[in-house]
Amino acid sequence: MINTLDIVEIVPYCLDYPQRYAAAISQLLPLLAPVAPIFYHVGSTAVPGLAAKPVVDIAASVEVFPLPATLIAKVMQLGYLYWANNPAPDYQLFIKGTPRTHHLHVYGPRSTRLREKLLFRDFLRREPAAAAAYELLKHQLAASFRTDREGYTEGKTTFIRQILRLAGSTITQAQT
């Protein structure tokens, strides 16, 4: 059966993504204060002008990882569903909305995965040609994997790895 509430759809950039991010942070910050969160707007909605799934991705780096059950329960009270069966042990995922409106990714300090998300986001922000190529790829994948989020995500992997290599070499060159 197809879940019509979880279809992969790419829409034009929405000018209120930063406000949606800020509103979510204003709710999450008091709850997660005990673990000293640092929040980041990540994903395609964090790249001005980039078409995206209309889901605001929030990354939180916390001093205590994984989150204690008491904090998971508090986040869930805000309407986030905790993905307890997340196969990736290095972050916790919360999903809000039906259809989805927000993803909250929680990482421990010094997370390599978070560092890569930020590197990718920042590269797309400063390299319009890379952002345009990524947008085209996302449209193509959304057409092919409309009801398969995992297939859509997997289809982006090679491109993301290429950008991370480029971004890493850009940083290395800038430091020399």
# chains A, B, ... in the order shown; residues from 1 in each chain; ligands from 1
$ residues_around --residues "Tyr80 in chain A" --least-positions-apart "4" --cutoff "12 Å" --atoms "only C-alpha atoms" --output "number ranges by chain"
A: 24, 27-28, 71-76, 84, 93-98, 100-105
$ residues_around --residues "range 150-154 of chain A" --least-positions-apart "5" --cutoff "7 Å" --atoms "only C-alpha atoms" --output "short mmCIF file (atom, residue, chain, number, x, y, z; two decimals) with all heavy atoms, in the first residue's frame"
data_model
loop_
_atom_site.label_atom_id
_atom_site.label_comp_id
_atom_site.auth_asym_id
_atom_site.auth_seq_id
_atom_site.Cartn_x
_atom_site.Cartn_y
_atom_site.Cartn_z
N LEU A 141 15.30 12.15 -9.17
CA LEU A 141 15.09 11.07 -8.21
C LEU A 141 13.68 11.06 -7.65
O LEU A 141 13.10 9.99 -7.44
CB LEU A 141 16.12 11.17 -7.07
CG LEU A 141 17.56 10.88 -7.46
CD1 LEU A 141 18.51 11.25 -6.32
CD2 LEU A 141 17.74 9.42 -7.86
N ALA A 142 13.12 12.23 -7.41
CA ALA A 142 11.75 12.30 -6.90
C ALA A 142 10.77 11.71 -7.91
O ALA A 142 9.79 11.07 -7.53
CB ALA A 142 11.38 13.74 -6.56
N PHE A 145 11.46 7.86 -7.60
CA PHE A 145 11.26 7.25 -6.28
C PHE A 145 10.18 7.98 -5.49
O PHE A 145 10.31 8.19 -4.29
CB PHE A 145 12.58 7.26 -5.49
CG PHE A 145 13.67 6.45 -6.11
CD1 PHE A 145 14.67 7.05 -6.85
CD2 PHE A 145 13.69 5.07 -5.96
CE1 PHE A 145 15.68 6.30 -7.42
CE2 PHE A 145 14.70 4.31 -6.52
CZ PHE A 145 15.69 4.93 -7.27
#
$ select_by_dssp --residues "range 74-163 of chain A" --states "alpha helix (DSSP H)" --output "PyMOL selection string"
chain A and resi 74-77+112-126+128-144+149-155+157-163
$ closest_residue --among "A:Pro12, A:Pro30, A:Pro18, A:Pro68" --to "Leu136 in chain A" --atoms "only C-alpha atoms"
A:Pro12
$ residues_around --residues "range 119-135 of chain A" --least-positions-apart "2" --cutoff "9 Å" --atoms "only C-alpha atoms" --output "PyMOL selection string"
chain A and resi 10+42-44+46-52+114-117+137-140+156+159-160+163-164+166-168
$ closest_residue --among "A:Val64, A:Asp57, A:Val8, A:Ser111" --to "Arg146 in chain A" --atoms "only C-alpha atoms"
A:Val8
$ closest_residue --among "A:Ala59, A:Leu118, A:Val106, A:Ala36" --to "Tyr82 in chain A" --atoms "only C-alpha atoms"
A:Val106
$ residues_around --residues "Gly108 in chain A" --least-positions-apart "2" --cutoff "10 Å" --atoms "only C-alpha atoms" --output "VMD selection string"
chain A and resid 35 37 60 to 67 90 to 92 106 110 to 114
$ write_last_selection --atoms "all heavy atoms" --output "short mmCIF file (atom, residue, chain, number, x, y, z; two decimals), in the first residue's frame"
data_model
loop_
_atom_site.label_atom_id
_atom_site.label_comp_id
_atom_site.auth_asym_id
_atom_site.auth_seq_id
_atom_site.Cartn_x
_atom_site.Cartn_y
_atom_site.Cartn_z
N VAL A 35 21.09 19.32 27.97
CA VAL A 35 22.17 18.65 27.24
C VAL A 35 22.95 19.63 26.36
O VAL A 35 23.68 19.23 25.45
CB VAL A 35 21.64 17.45 26.41
CG1 VAL A 35 21.17 16.34 27.32
CG2 VAL A 35 20.55 17.87 25.44
N PRO A 37 22.36 21.98 23.82
CA PRO A 37 22.31 21.80 22.37
C PRO A 37 22.87 22.99 21.59
O PRO A 37 22.78 24.14 22.03
CB PRO A 37 20.81 21.67 22.10
CG PRO A 37 20.19 22.54 23.16
CD PRO A 37 21.05 22.32 24.38
N ALA A 60 20.92 18.94 15.86
CA ALA A 60 21.28 19.37 17.21
C ALA A 60 22.48 18.58 17.68
O ALA A 60 22.45 17.35 17.70
CB ALA A 60 20.11 19.16 18.17
N SER A 61 23.53 19.29 18.01
CA SER A 61 24.69 18.67 18.63
C SER A 61 24.50 18.81 20.13
O SER A 61 24.29 19.92 20.63
CB SER A 61 25.97 19.38 18.18
OG SER A 61 27.09 18.84 18.85
N VAL A 62 24.55 17.69 20.84
CA VAL A 62 24.30 17.71 22.28
C VAL A 62 25.48 17.10 23.04
O VAL A 62 26.21 16.27 22.51
CB VAL A 62 23.00 16.95 22.64
CG1 VAL A 62 21.79 17.65 22.02
CG2 VAL A 62 23.05 15.50 22.20
N GLU A 63 25.64 17.54 24.27
CA GLU A 63 26.74 17.05 25.11
C GLU A 63 26.47 15.66 25.67
O GLU A 63 27.40 14.94 26.01
CB GLU A 63 27.01 18.03 26.25
CG GLU A 63 27.62 19.34 25.78
CD GLU A 63 28.98 19.16 25.11
OE1 GLU A 63 29.80 18.36 25.59
OE2 GLU A 63 29.21 19.81 24.07
N VAL A 64 25.20 15.29 25.79
CA VAL A 64 24.83 13.96 26.30
C VAL A 64 24.15 13.21 25.18
O VAL A 64 23.07 13.59 24.72
CB VAL A 64 23.89 14.07 27.53
CG1 VAL A 64 23.46 12.69 27.99
CG2 VAL A 64 24.55 14.85 28.64
N PHE A 65 24.80 12.15 24.71
CA PHE A 65 24.25 11.36 23.61
C PHE A 65 24.43 9.89 23.94
O PHE A 65 25.50 9.49 24.39
CB PHE A 65 24.98 11.70 22.30
CG PHE A 65 24.42 10.95 21.12
CD1 PHE A 65 23.33 11.45 20.44
CD2 PHE A 65 24.94 9.73 20.74
CE1 PHE A 65 22.78 10.76 19.37
CE2 PHE A 65 24.39 9.03 19.67
CZ PHE A 65 23.32 9.55 18.99
N PRO A 66 23.39 9.10 23.70
CA PRO A 66 22.07 9.46 23.18
C PRO A 66 21.25 10.22 24.22
O PRO A 66 21.58 10.22 25.41
CB PRO A 66 21.43 8.11 22.86
CG PRO A 66 22.12 7.13 23.75
CD PRO A 66 23.51 7.65 23.95
N LEU A 67 20.19 10.86 23.73
CA LEU A 67 19.32 11.61 24.63
C LEU A 67 18.72 10.67 25.67
O LEU A 67 18.29 9.56 25.33
CB LEU A 67 18.18 12.27 23.86
CG LEU A 67 18.52 13.45 22.97
CD1 LEU A 67 17.25 13.97 22.29
CD2 LEU A 67 19.20 14.57 23.74
N ASP A 90 24.73 6.50 15.24
CA ASP A 90 25.44 7.74 15.58
C ASP A 90 24.54 8.98 15.60
O ASP A 90 25.03 10.09 15.79
CB ASP A 90 26.61 7.96 14.63
CG ASP A 90 26.21 8.05 13.17
OD1 ASP A 90 25.15 7.50 12.79
OD2 ASP A 90 26.96 8.67 12.39
N TYR A 91 23.25 8.81 15.41
CA TYR A 91 22.33 9.92 15.59
C TYR A 91 20.94 9.41 15.88
O TYR A 91 20.61 8.27 15.60
CB TYR A 91 22.34 10.88 14.39
CG TYR A 91 21.58 10.42 13.17
CD1 TYR A 91 20.30 10.90 12.92
CD2 TYR A 91 22.14 9.54 12.26
CE1 TYR A 91 19.59 10.49 11.80
CE2 TYR A 91 21.45 9.13 11.14
CZ TYR A 91 20.17 9.61 10.91
OH TYR A 91 19.47 9.20 9.81
N GLN A 92 20.15 10.29 16.49
CA GLN A 92 18.75 9.97 16.78
C GLN A 92 17.89 10.84 15.88
O GLN A 92 18.23 12.00 15.60
CB GLN A 92 18.44 10.26 18.25
CG GLN A 92 19.16 9.30 19.18
CD GLN A 92 18.98 9.70 20.62
OE1 GLN A 92 19.55 10.69 21.07
NE2 GLN A 92 18.18 8.93 21.36
N VAL A 106 19.60 14.37 16.04
CA VAL A 106 20.37 14.65 17.26
C VAL A 106 21.69 13.88 17.19
O VAL A 106 21.70 12.66 16.97
CB VAL A 106 19.58 14.26 18.52
CG1 VAL A 106 20.40 14.55 19.77
CG2 VAL A 106 18.24 15.01 18.57
N ARG A 110 31.24 16.25 18.43
CA ARG A 110 32.29 15.80 17.48
C ARG A 110 31.78 14.77 16.48
O ARG A 110 32.51 13.89 16.04
CB ARG A 110 33.50 15.26 18.25
CG ARG A 110 34.19 16.33 19.10
CD ARG A 110 35.21 15.78 20.06
NE ARG A 110 34.69 14.83 21.05
CZ ARG A 110 33.99 15.16 22.14
NH1 ARG A 110 33.69 16.41 22.37
NH2 ARG A 110 33.57 14.23 22.98
N SER A 111 30.53 14.85 16.10
CA SER A 111 29.95 13.91 15.16
C SER A 111 30.48 14.15 13.74
O SER A 111 30.37 15.25 13.20
CB SER A 111 28.42 14.05 15.14
OG SER A 111 27.87 13.39 14.04
N THR A 112 31.02 13.11 13.14
CA THR A 112 31.49 13.20 11.75
C THR A 112 30.31 13.42 10.81
O THR A 112 30.40 14.21 9.87
CB THR A 112 32.24 11.90 11.37
OG1 THR A 112 33.37 11.77 12.24
CG2 THR A 112 32.69 11.93 9.93
N ARG A 113 29.21 12.75 11.06
CA ARG A 113 28.04 12.89 10.18
C ARG A 113 27.53 14.33 10.19
O ARG A 113 27.21 14.88 9.14
CB ARG A 113 26.93 11.93 10.60
CG ARG A 113 25.79 11.87 9.59
CD ARG A 113 24.65 11.00 10.06
NE ARG A 113 24.99 9.61 10.28
CZ ARG A 113 24.57 8.60 9.52
NH1 ARG A 113 23.80 8.82 8.48
NH2 ARG A 113 24.90 7.37 9.81
N LEU A 114 27.47 14.95 11.36
CA LEU A 114 27.02 16.34 11.43
C LEU A 114 28.01 17.25 10.73
O LEU A 114 27.61 18.14 9.97
CB LEU A 114 26.83 16.78 12.89
CG LEU A 114 26.49 18.26 13.08
CD1 LEU A 114 25.25 18.66 12.30
CD2 LEU A 114 26.34 18.58 14.56
#
$ atom_distance --atom1 "CA of Trp83 in chain A" --atom2 "CA of Ala69 in chain A"
12.9 Å
$ select_by_dssp --residues "chain A" --states "strand (DSSP E or B)" --output "list of chain:residue names"
A:Val11, A:Ile38, A:Phe39, A:Tyr40, A:His41, A:Val42, A:Ala52, A:Val56, A:Asp57, A:Ile58, A:Ala59, A:Ala60, A:Ser61, A:Tyr80, A:Leu81, A:Tyr82, A:Tyr91, A:Gln92, A:Leu93, A:Phe94, A:Ile95, A:Lys96, A:His102, A:His103, A:Leu104, A:His105, A:Val106, A:Tyr107
$ write_last_selection --atoms "N, CA and C atoms" --output "CSV table (one decimal), in the first residue's frame"
chain,number,residue,atom,x,y,z
A,11,VAL,N,9.6,20.8,-4.1
A,11,VAL,CA,8.9,22.1,-4.3
A,11,VAL,C,9.9,23.2,-4.4
A,38,ILE,N,23.5,22.7,20.5
A,38,ILE,CA,23.8,23.7,19.5
A,38,ILE,C,23.0,23.3,18.2
A,39,PHE,N,22.2,24.2,17.7
A,39,PHE,CA,21.3,23.9,16.6
A,39,PHE,C,21.8,24.4,15.3
A,40,TYR,N,21.5,23.7,14.2
A,40,TYR,CA,21.9,24.0,12.9
A,40,TYR,C,20.7,23.8,11.9
A,41,HIS,N,20.5,24.7,11.0
A,41,HIS,CA,19.5,24.4,10.0
A,41,HIS,C,20.3,23.8,8.8
A,42,VAL,N,19.9,22.5,8.5
A,42,VAL,CA,20.7,21.7,7.5
A,42,VAL,C,19.7,21.3,6.5
A,52,ALA,N,13.3,21.9,-2.7
A,52,ALA,CA,13.5,20.9,-1.6
A,52,ALA,C,12.2,20.1,-1.3
A,56,VAL,N,11.7,21.0,7.1
A,56,VAL,CA,12.8,21.7,7.7
A,56,VAL,C,13.7,20.7,8.5
A,57,ASP,N,14.9,20.6,8.1
A,57,ASP,CA,15.9,19.7,8.8
A,57,ASP,C,16.6,20.5,9.8
A,58,ILE,N,16.6,20.0,11.1
A,58,ILE,CA,17.2,20.6,12.2
A,58,ILE,C,18.3,19.6,12.7
A,59,ALA,N,19.5,20.1,12.9
A,59,ALA,CA,20.5,19.2,13.5
A,59,ALA,C,20.8,19.8,14.9
A,60,ALA,N,20.9,18.9,15.9
A,60,ALA,CA,21.3,19.4,17.2
A,60,ALA,C,22.5,18.6,17.7
A,61,SER,N,23.5,19.3,18.0
A,61,SER,CA,24.7,18.7,18.6
A,61,SER,C,24.5,18.8,20.1
A,80,TYR,N,6.7,15.5,17.9
A,80,TYR,CA,7.7,14.8,17.1
A,80,TYR,C,7.6,13.3,17.4
A,81,LEU,N,7.7,12.5,16.4
A,81,LEU,CA,7.7,11.0,16.5
A,81,LEU,C,9.1,10.6,16.6
A,82,TYR,N,9.5,9.8,17.6
A,82,TYR,CA,10.9,9.3,17.8
A,82,TYR,C,11.0,8.1,16.9
A,91,TYR,N,23.2,8.8,15.4
A,91,TYR,CA,22.3,9.9,15.6
A,91,TYR,C,20.9,9.4,15.9
A,92,GLN,N,20.1,10.3,16.5
A,92,GLN,CA,18.7,10.0,16.8
A,92,GLN,C,17.9,10.8,15.9
A,93,LEU,N,16.8,10.3,15.4
A,93,LEU,CA,15.9,11.0,14.5
A,93,LEU,C,14.5,11.1,15.1
A,94,PHE,N,14.0,12.4,14.9
A,94,PHE,CA,12.6,12.7,15.3
A,94,PHE,C,11.9,13.2,14.0
A,95,ILE,N,10.7,12.9,13.8
A,95,ILE,CA,9.9,13.3,12.6
A,95,ILE,C,8.6,14.0,13.1
A,96,LYS,N,8.3,15.2,12.6
A,96,LYS,CA,7.1,15.9,13.0
A,96,LYS,C,6.2,16.1,11.7
A,102,HIS,N,9.0,18.7,9.7
A,102,HIS,CA,10.3,18.8,10.4
A,102,HIS,C,11.0,17.5,10.6
A,103,HIS,N,12.3,17.5,10.5
A,103,HIS,CA,13.1,16.4,11.0
A,103,HIS,C,14.1,17.0,12.0
A,104,LEU,N,14.2,16.3,13.1
A,104,LEU,CA,15.2,16.7,14.1
A,104,LEU,C,16.2,15.5,14.2
A,105,HIS,N,17.5,15.9,13.9
A,105,HIS,CA,18.6,14.9,13.9
A,105,HIS,C,19.4,15.3,15.1
A,106,VAL,N,19.6,14.4,16.0
A,106,VAL,CA,20.4,14.7,17.3
A,106,VAL,C,21.7,13.9,17.2
A,107,TYR,N,22.8,14.6,17.4
A,107,TYR,CA,24.1,14.1,17.3
A,107,TYR,C,24.9,14.3,18.6
$ closest_residue --among "A:Leu32, A:Arg161, A:Gly79, A:Pro54" --to "Leu15 in chain A" --atoms "only C-alpha atoms"
A:Pro54
$ atom_distance --atom1 "CA of Tyr21 in chain A" --atom2 "CA of Pro109 in chain A"
21.2 Å
$ atom_distance --atom1 "CA of Thr70 in chain A" --atom2 "CA of Ala22 in chain A"
23.5 Å
